[in-house]
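**Q** Have a peek at structure12.txt (compact mmCIF, C-alpha atoms).
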# COMPACT_ATOMS: atom_id res chain seq x y z
CA MET A 136 20.54 -6.88 8.50
CA PHE A 137 19.42 -9.25 11.21
CA ALA A 138 21.21 -11.60 13.54
CA GLY A 139 20.14 -14.37 15.87
CA GLY A 140 16.96 -16.43 15.77
CA GLY A 141 18.38 -19.31 13.75
CA ILE A 142 16.43 -22.15 12.18
CA GLY A 143 17.05 -24.37 15.18
CA LEU A 144 13.88 -23.10 16.79
CA GLY A 145 12.13 -25.81 14.83
CA LEU A 146 8.67 -26.46 13.50
CA CYS A 147 7.23 -27.16 16.95
CA PHE A 148 8.08 -23.58 17.87
CA ILE A 149 6.31 -22.16 14.84
CA ALA A 150 3.28 -24.35 15.43
CA LEU A 151 2.94 -23.19 19.03
CA LEU A 152 3.34 -19.54 18.10
CA PHE A 153 0.87 -19.82 15.29
CA VAL A 154 -1.87 -21.57 17.24
CA GLY A 155 -1.46 -19.41 20.32
CA THR A 156 -1.42 -16.08 18.55
CA TYR A 157 -3.87 -16.75 15.76
CA SER A 158 -6.53 -18.02 18.15
CA ALA A 159 -6.79 -14.48 19.54
CA ALA A 160 -8.20 -13.31 16.23
CA ALA A 161 -11.64 -14.70 16.97
CA GLY A 162 -12.56 -11.75 19.14
CA MET A 163 -11.39 -9.05 16.76
CA SER A 164 -13.81 -6.63 15.19
CA GLY A 165 -13.50 -4.26 12.23
CA ALA A 166 -12.45 -0.65 12.34
CA ALA A 167 -14.74 1.82 14.02
CA SER A 168 -16.03 4.89 12.25
CA GLY A 169 -14.33 8.23 12.73
CA ALA A 170 -11.94 10.72 11.17
CA VAL A 171 -9.57 9.19 8.64
CA GLY A 172 -5.87 9.58 9.38
CA LEU A 173 -2.83 8.31 7.51
CA ALA A 174 -1.03 5.07 8.34
CA LYS A 175 2.47 5.51 9.71
CA GLY A 176 4.89 6.47 6.97
CA ALA A 177 2.50 5.48 4.17
CA VAL A 178 2.89 8.94 2.63
CA PRO A 179 6.47 10.24 2.21
CA ALA A 180 7.15 12.75 4.99
CA ARG A 181 7.66 15.71 2.63
CA TYR A 182 4.14 15.26 1.22
CA GLN A 183 2.26 14.22 4.35
CA PRO A 184 1.31 17.73 5.59
CA ILE A 185 -0.05 18.66 2.16
CA VAL A 186 -2.05 15.43 1.86
CA GLU A 187 -3.43 15.82 5.39
CA LYS A 188 -4.46 19.41 4.77
CA TRP A 189 -5.98 19.07 1.32
CA GLY A 190 -7.40 15.60 1.93
CA ASN A 191 -10.01 17.26 4.14
CA LEU A 192 -11.08 19.80 1.54
CA CYS A 193 -14.59 18.38 1.16
CA PRO A 194 -16.64 15.51 2.66
CA ALA A 195 -16.23 13.26 -0.41
CA ILE A 196 -12.48 12.87 0.13
CA ASN A 197 -10.13 12.20 3.01
CA PRO A 198 -6.33 12.10 3.34
CA ALA A 199 -6.10 8.32 2.80
CA LEU A 200 -8.25 8.49 -0.34
CA LEU A 201 -6.19 11.36 -1.76
CA ALA A 202 -3.00 9.42 -0.94
CA ALA A 203 -4.40 6.35 -2.70
CA GLN A 204 -5.07 8.35 -5.85
CA LEU A 205 -1.61 9.91 -5.88
CA TYR A 206 0.10 6.56 -5.30
CA GLN A 207 -1.99 4.93 -8.04
CA GLU A 208 -1.21 7.75 -10.45
CA SER A 209 2.54 8.22 -9.92
CA GLY A 210 3.91 6.22 -6.99
CA TRP A 211 4.82 9.60 -5.39
CA ASN A 212 7.09 10.53 -8.30
CA PRO A 213 6.80 14.32 -8.89
CA ARG A 214 8.50 14.00 -12.28
CA ALA A 215 6.31 11.18 -13.57
CA GLN A 216 5.27 11.31 -17.21
CA SER A 217 2.94 8.92 -18.99
CA PRO A 218 2.69 8.05 -22.70
CA ALA A 219 -0.65 9.90 -22.67
CA ALA A 220 1.18 13.13 -21.69
CA ALA A 221 -0.04 13.06 -18.09
CA GLN A 222 2.39 14.97 -15.91
CA GLY A 223 3.59 15.16 -12.33
CA ILE A 224 2.70 13.53 -9.06
CA ALA A 225 -1.05 13.78 -9.77
CA GLN A 226 -0.77 12.94 -13.50
CA PHE A 227 -2.74 15.85 -14.93
CA ILE A 228 -2.99 16.00 -18.70
CA PRO A 229 -2.24 19.53 -19.99
CA GLY A 230 -5.85 20.36 -20.86
CA THR A 231 -7.17 19.33 -17.45
CA TRP A 232 -4.36 21.18 -15.70
CA ALA A 233 -5.13 24.34 -17.67
CA SER A 234 -8.75 24.20 -16.48
CA HIS A 235 -8.38 22.83 -12.96
CA GLY A 236 -4.81 23.42 -11.74
CA ILE A 237 -4.55 25.78 -8.77
CA ASP A 238 -1.74 27.69 -7.06
CA GLY A 239 -1.76 25.54 -3.94
CA ASN A 240 1.27 27.12 -2.27
CA GLU A 241 0.29 30.66 -3.28
CA ASP A 242 3.65 31.50 -4.83
CA GLY A 243 2.05 33.22 -7.80
CA LYS A 244 2.28 30.37 -10.31
CA ARG A 245 0.57 27.07 -11.09
CA ASP A 246 3.21 24.40 -11.68
CA VAL A 247 2.06 20.87 -12.57
CA TRP A 248 5.52 19.56 -11.61
CA ASP A 249 5.37 21.07 -8.12
CA PRO A 250 3.63 18.75 -5.62
CA ALA A 251 2.70 21.83 -3.57
CA ASP A 252 0.45 22.81 -6.48
CA ALA A 253 -0.40 19.42 -7.96
CA ILE A 254 -1.62 17.74 -4.76
CA PRO A 255 -3.97 20.61 -3.84
CA SER A 256 -5.16 20.66 -7.45
CA ALA A 257 -5.98 16.94 -7.29
CA ALA A 258 -8.02 17.49 -4.13
CA SER A 259 -9.72 20.54 -5.60
CA TYR A 260 -10.60 18.65 -8.77
CA ASP A 261 -12.01 15.75 -6.74
CA CYS A 262 -14.22 18.12 -4.77
CA GLU A 263 -15.33 19.87 -7.95
CA LEU A 264 -16.41 16.53 -9.40
CA ALA A 265 -18.14 15.63 -6.13
CA GLY A 266 -20.14 18.84 -6.44
CA TYR A 267 -21.26 17.92 -9.95
CA VAL A 268 -22.65 14.56 -8.82
CA LYS A 269 -23.81 15.47 -5.30
CA LYS A 270 -27.49 14.86 -6.10
CA VAL A 271 -26.85 11.35 -7.49
CA SER A 272 -27.96 8.53 -5.20
CA GLY A 273 -25.43 6.15 -3.70
CA ASP A 274 -22.06 6.66 -2.05
CA ALA A 275 -20.79 10.18 -2.66
CA THR A 276 -17.13 9.14 -2.80
CA ASP A 277 -17.79 6.25 -5.18
CA ASN A 278 -19.72 8.62 -7.43
CA MET A 279 -16.91 11.18 -7.30
CA LEU A 280 -14.34 8.55 -8.28
CA ALA A 281 -16.58 7.32 -11.08
CA ALA A 282 -16.88 10.89 -12.34
CA TYR A 283 -13.09 11.20 -12.24
CA ASN A 284 -12.81 8.14 -14.47
CA ALA A 285 -15.85 8.33 -16.75
CA GLY A 286 -17.03 11.92 -16.44
CA ALA A 287 -19.74 13.49 -14.31
CA TYR A 288 -22.36 13.30 -17.08
CA ARG A 289 -22.19 9.50 -17.23
CA VAL A 290 -22.56 9.24 -13.46
CA ILE A 291 -25.59 11.53 -13.51
CA GLN A 292 -27.07 9.72 -16.49
CA SER A 293 -26.57 6.32 -14.81
CA GLY A 294 -27.83 7.44 -11.41
CA GLY A 295 -24.59 6.25 -9.79
CA VAL A 296 -21.44 4.41 -10.79
CA PRO A 297 -22.03 3.49 -14.46
CA ALA A 298 -21.91 -0.11 -15.66
CA ILE A 299 -18.52 0.37 -17.27
CA SER A 300 -15.99 -2.24 -16.19
CA GLU A 301 -13.04 0.18 -16.32
CA THR A 302 -14.88 2.68 -14.14
CA GLN A 303 -16.12 0.10 -11.67
CA ASN A 304 -12.62 -1.31 -11.40
CA TYR A 305 -11.14 2.14 -10.84
CA VAL A 306 -13.55 2.81 -7.98
CA LYS A 307 -12.74 -0.55 -6.40
CA ILE A 308 -8.99 -0.03 -6.75
CA ILE A 309 -8.95 3.40 -5.10
CA ARG A 310 -11.29 2.36 -2.28
CA SER A 311 -9.11 -0.71 -1.62
CA LEU A 312 -5.93 1.38 -1.64
CA GLU A 313 -7.63 3.87 0.67
CA GLU A 314 -7.71 1.14 3.35
CA SER A 315 -3.97 0.60 2.88
CA PHE A 316 -3.17 4.29 3.43
CA ALA A 317 -5.60 4.84 6.30
CA LYS A 318 -4.58 4.61 9.94
CA PRO A 319 -6.79 1.93 11.53
CA VAL A 320 -9.15 3.25 14.19
CA GLY A 321 -9.97 -0.22 15.49
CA ARG A 322 -8.61 -3.73 15.28
CA VAL A 323 -7.83 -5.01 11.79
CA GLN A 324 -9.72 -8.08 10.64
CA PRO A 325 -7.60 -11.26 10.70
CA SER A 326 -6.36 -12.76 7.45
CA GLN A 327 -7.96 -15.91 6.09
CA GLN A 328 -4.88 -16.86 4.03
CA ALA A 329 -2.18 -16.57 6.68
CA ALA A 330 -1.79 -20.25 7.54
CA ALA A 331 -1.00 -21.35 3.99
CA ALA A 332 1.47 -18.49 3.46
CA ILE A 333 3.33 -19.43 6.65
CA TYR A 334 3.29 -23.12 5.70
CA PHE A 335 5.05 -22.27 2.44
CA ALA A 336 7.65 -20.09 4.15
CA GLN A 337 8.47 -22.61 6.87
CA LYS A 338 9.19 -25.26 4.24
CA LYS A 339 11.91 -22.93 2.91
CA LEU A 340 13.76 -22.66 6.24
CA GLY A 341 17.48 -23.28 5.72
CA THR A 342 17.44 -22.25 2.05
CA PRO A 343 20.37 -19.92 1.20
CA TYR A 344 19.56 -16.29 0.49
CA LEU A 345 19.89 -14.95 -3.06
CA TRP A 346 19.60 -11.25 -3.87
CA GLY A 347 16.89 -10.95 -6.50
CA GLY A 348 15.87 -14.56 -5.89
CA ASN A 349 12.38 -15.63 -6.89
CA GLY A 350 12.73 -19.31 -5.99
CA THR A 351 12.97 -20.51 -9.57
CA SER A 352 14.77 -23.72 -10.47
CA ASP A 353 17.56 -21.87 -12.27
CA GLN A 354 18.14 -19.96 -9.02
CA GLY A 355 18.28 -23.15 -6.99
CA GLY A 356 14.98 -22.36 -5.29
CA ARG A 357 16.56 -19.43 -3.46
CA PHE A 358 14.89 -16.16 -2.46
CA ASP A 359 15.54 -12.67 -1.23
CA CYS A 360 13.25 -11.11 1.38
CA SER A 361 10.45 -9.81 -0.84
CA GLY A 362 10.76 -12.75 -3.23
CA LEU A 363 9.95 -15.07 -0.32
CA THR A 364 6.91 -13.14 0.84
CA GLN A 365 5.66 -12.78 -2.73
CA ALA A 366 5.96 -16.53 -3.30
CA ALA A 367 4.31 -17.34 0.03
CA TYR A 368 1.20 -15.32 -0.79
CA ARG A 369 1.14 -16.51 -4.39
CA THR A 370 0.30 -19.97 -3.01
CA VAL A 371 -3.03 -18.53 -1.81
CA ASP A 372 -3.71 -16.75 -5.10
CA ILE A 373 -2.62 -13.31 -3.89
CA GLU A 374 -0.12 -11.57 -6.14
CA LEU A 375 2.06 -9.13 -4.23
CA PRO A 376 4.37 -6.59 -5.88
CA ARG A 377 8.00 -7.68 -6.16
CA VAL A 378 9.48 -4.83 -4.11
CA ALA A 379 9.16 -4.66 -0.31
CA ASN A 380 8.14 -1.01 -0.07
CA ASP A 381 5.26 -1.64 -2.48
CA GLN A 382 4.20 -4.73 -0.53
CA TYR A 383 3.59 -2.39 2.42
CA ASN A 384 0.55 -1.02 0.57
CA ALA A 385 -1.16 -4.42 0.11
CA GLY A 386 -3.60 -4.06 3.00
CA PRO A 387 -4.34 -2.31 6.31
CA HIS A 388 -1.73 -1.85 9.00
CA PRO A 389 -2.12 -3.50 12.41
CA SER A 390 -0.19 -2.09 15.35
CA ARG A 391 2.70 -3.97 16.93
CA GLU A 392 0.36 -5.17 19.69
CA GLU A 393 -2.19 -6.48 17.18
CA LEU A 394 0.17 -8.53 15.00
CA LEU A 395 -1.03 -11.96 13.90
CA PRO A 396 0.81 -14.75 12.09
CA GLY A 397 0.84 -14.10 8.37
CA ASP A 398 1.23 -10.33 8.66
CA LEU A 399 4.08 -8.84 6.68
CA VAL A 400 6.54 -6.97 8.89
CA PHE A 401 8.76 -4.22 7.49
CA PHE A 402 12.03 -2.52 8.32
CA SER A 403 13.08 0.89 7.04
CA ASP A 404 16.04 3.23 6.88
CA ASP A 405 13.59 6.07 7.61
CA LEU A 406 10.92 5.33 10.22
CA ASN A 407 8.69 8.04 8.76
CA ASN A 408 8.81 6.89 5.15
CA SER A 409 7.53 3.62 3.70
CA ARG A 410 9.46 4.29 0.49
CA ALA A 411 12.67 3.74 2.49
CA ILE A 412 11.70 0.20 3.52
CA HIS A 413 14.62 -2.16 2.92
CA HIS A 414 13.43 -5.49 4.34
CA VAL A 415 10.27 -7.57 4.81
CA GLY A 416 9.50 -10.77 6.69
CA LEU A 417 6.49 -12.97 7.45
CA TYR A 418 5.35 -12.71 11.06
CA VAL A 419 4.81 -16.03 12.84
CA GLY A 420 3.98 -14.90 16.38
CA GLY A 421 5.80 -14.40 19.64
CA GLY A 422 7.91 -11.54 18.25
CA TYR A 423 9.45 -13.68 15.48
CA MET A 424 9.31 -13.73 11.70
CA ILE A 425 10.47 -16.03 8.94
CA ASN A 426 12.68 -14.06 6.57
CA ALA A 427 15.43 -14.24 3.99
CA PRO A 428 17.92 -11.89 5.71
CA TYR A 429 20.97 -11.19 3.54
CA THR A 430 23.71 -12.68 1.36
CA GLY A 431 25.52 -15.46 3.20
CA ALA A 432 22.55 -16.25 5.47
CA VAL A 433 19.70 -18.73 5.10
CA ILE A 434 15.95 -18.36 5.43
CA ARG A 435 15.38 -18.47 9.16
CA PHE A 436 13.52 -17.15 12.21
CA ASP A 437 14.52 -13.70 13.48
CA LYS A 438 13.15 -11.33 16.09
CA ILE A 439 11.22 -8.37 14.71
CA ASP A 440 11.93 -5.93 17.54
CA THR A 441 14.93 -4.12 16.10
CA PRO A 442 15.62 -0.37 15.86
CA ASP A 443 14.61 -0.28 12.19
CA TYR A 444 11.22 -2.00 12.70
CA PHE A 445 8.79 0.11 10.68
CA GLY A 446 5.37 -1.53 10.83
CA ALA A 447 3.17 -4.26 9.44
CA THR A 448 0.60 -5.00 6.76
CA ARG A 449 -2.24 -7.49 6.91
CA VAL A 450 -2.42 -8.57 3.28
CA THR A 451 -5.82 -8.66 1.60
CA LYS A 452 -6.63 -9.96 -1.85
CA ASP A 453 -8.32 -6.68 -2.85
CA GLY A 454 -5.48 -4.63 -1.38
CA ALA A 455 -2.84 -6.52 -3.34
CA ALA A 456 -4.90 -6.47 -6.53
CA ALA A 457 -5.31 -2.69 -6.27
CA LEU A 458 -1.59 -1.96 -6.41
CA PRO A 459 -0.35 -0.55 -9.72
CA THR A 460 1.73 -2.97 -11.77
CA THR A 461 3.42 -0.18 -13.71
CA LEU A 462 3.88 3.51 -12.97
CA PRO A 463 4.74 6.44 -15.25
CA GLU A 464 8.42 7.08 -15.77
CA GLY A 465 10.14 10.01 -14.15
Could you show the structure in this file as structure tokens?
**A**
Amino acid sequence: MFAGGGIGLGLCFIALLFVGTYSAAAGMSGAASGAVGLAKGAVPARYQPIVEKWGNLCPAINPALLAAQLYQESGWNPRAQSPAAAQGIAQFIPGTWASHGIDGNEDGKRDVWDPADAIPSAASYDCELAGYVKKVSGDATDNMLAAYNAGAYRVIQSGGVPAISETQNYVKIIRSLEESFAKPVGRVQPSQQAAAAIYFAQKKLGTPYLWGGNGTSDQGGRFDCSGLTQAAYRTVDIELPRVANDQYNAGPHPSREELLPGDLVFFSDDLNNSRAIHHVGLYVGGGYMINAPYTGAVIRFDKIDTPDYFGATRVTKDGAAALPTTLPEG
């Protein structure tokens, strides 16, 4: 996967990179307002045009929000099925599909298993719910999401998001995931947990790689790439998914020029598709990461500027917590 770098760079190197790069964070501001686009590759390429088109169907939704809902529902699996009989990429139950499914691709049929119908139907249903609760005070999108979870009547009756923990959690999850799928329009806020995550990873330098390694004692404390990043952020009470391509959705996405130590950096077989990510490392500054590269190598420093460099994620606690732990089977 990666060559060069070596652990001989030493802890002085990492300290200098960390201090020099992280100090630049002080002047960063949050994202500016504006039209919401999609982060690079966050939506699989075959679905991106549909999500971009239908994500602008009404003011209460946007492409990143629609993407967040689809990812939360099915993980982009068009054949997903849940124990509750929910079907397809948007996880419509048969009764809801019968009432709200539309022929999005205008081929003369409404097919819950066809993303070209199911994604437009999800957007259409969102906008229909937004219309039901448009006179309710508060944030229109929050109210729409609450209506999706608890029903429009409860939102109207409560005068906003009802005091139902499941509903409030659903709204928080989708709004957090929305930030992970949105293309930043300004600089991304620096992480407050980066230093501790890097400290953990640098203590593992020189440890042999193990495919599937989680660092447990029976594995000799060895890691693979995503096992290392998961363990590093677990030390700061952030639980990342186990798989690298899911870790990409754990926060907003700084550009290459805006990278700060602690960001996760990703490498993909398809530079337009985050689901094709095959490697992750922990950025330390100066164009280097700490990573567990491959069988036969050790945890070490490597350069990030390789042809398969995909992008980065600035992990947030809410972003990681919003990621689904289980998805329907396909």
**Q** I need the residue nearest Gly210 in chain A from this list: A:Val178, A:Ile237, A:Ala170, A:Val320. Use all atoms listed in the file for the distance.
**A** A:Val178
**Q** Give me the residues within 12 Å of Trp248 in chain A as a CSV table (one decimal) with C-alpha atoms, in the frame of the given file, counting all atoms listed in the file and dropping any in the same chain fewer than 3 places off.
**A**
chain,number,residue,atom,x,y,z
A,209,SER,CA,2.5,8.2,-9.9
A,211,TRP,CA,4.8,9.6,-5.4
A,212,ASN,CA,7.1,10.5,-8.3
A,213,PRO,CA,6.8,14.3,-8.9
A,214,ARG,CA,8.5,14.0,-12.3
A,215,ALA,CA,6.3,11.2,-13.6
A,216,GLN,CA,5.3,11.3,-17.2
A,221,ALA,CA,0.0,13.1,-18.1
A,222,GLN,CA,2.4,15.0,-15.9
A,223,GLY,CA,3.6,15.2,-12.3
A,224,ILE,CA,2.7,13.5,-9.1
A,225,ALA,CA,-1.0,13.8,-9.8
A,226,GLN,CA,-0.8,12.9,-13.5
A,227,PHE,CA,-2.7,15.8,-14.9
A,228,ILE,CA,-3.0,16.0,-18.7
A,229,PRO,CA,-2.2,19.5,-20.0
A,232,TRP,CA,-4.4,21.2,-15.7
A,236,GLY,CA,-4.8,23.4,-11.7
A,238,ASP,CA,-1.7,27.7,-7.1
A,244,LYS,CA,2.3,30.4,-10.3
A,245,ARG,CA,0.6,27.1,-11.1
A,251,ALA,CA,2.7,21.8,-3.6
A,252,ASP,CA,0.4,22.8,-6.5
A,253,ALA,CA,-0.4,19.4,-8.0
A,254,ILE,CA,-1.6,17.7,-4.8
A,256,SER,CA,-5.2,20.7,-7.4
A,465,GLY,CA,10.1,10.0,-14.2
**Q** Would you kindly return, as a list in words, each protein, DNA or RNA residue with an atom no farther than 8 Å from any atom of Tyr305 in chain A, considering only C-alpha atoms and excluding same-chain residues fewer than 2 positions away?
**A**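 In the requested form, the answer reads Leu280, Ala281, Asn284, Glu301, Thr302, Gln303, Lys307, Ile308 and Ile309 of chain A.
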**Q** Edge lengths and centre in Å to one decimal, as lines of an AutoDock Vina configuration file, of the axis-aligned box that encloses all listed atoms of range 178-183 of chain A with 6 Å added on every side?
**A**
center_x = 5.0
center_y = 12.3
center_z = 3.1
size_x = 17.4
size_y = 18.8
size_z = 15.8
**Q** Can you list, as a PyMOL selection string, every protein, DNA or RNA residue that comes within 12 Å of Leu458 in chain A when you count only C-alpha atoms, leaving out same-chain residues fewer than 2 positions away?
**A** chain A and resi 203-210+305+307-316+373-378+380-386+450-456+460-462
**Q** Between CA of Ala432 in chain A and CA of Gly416 in chain A, what is the distance, to one decimal in Å?
**A**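 We find that CA of Ala432 in chain A and CA of Gly416 in chain A lie 14.2 Å from each other.
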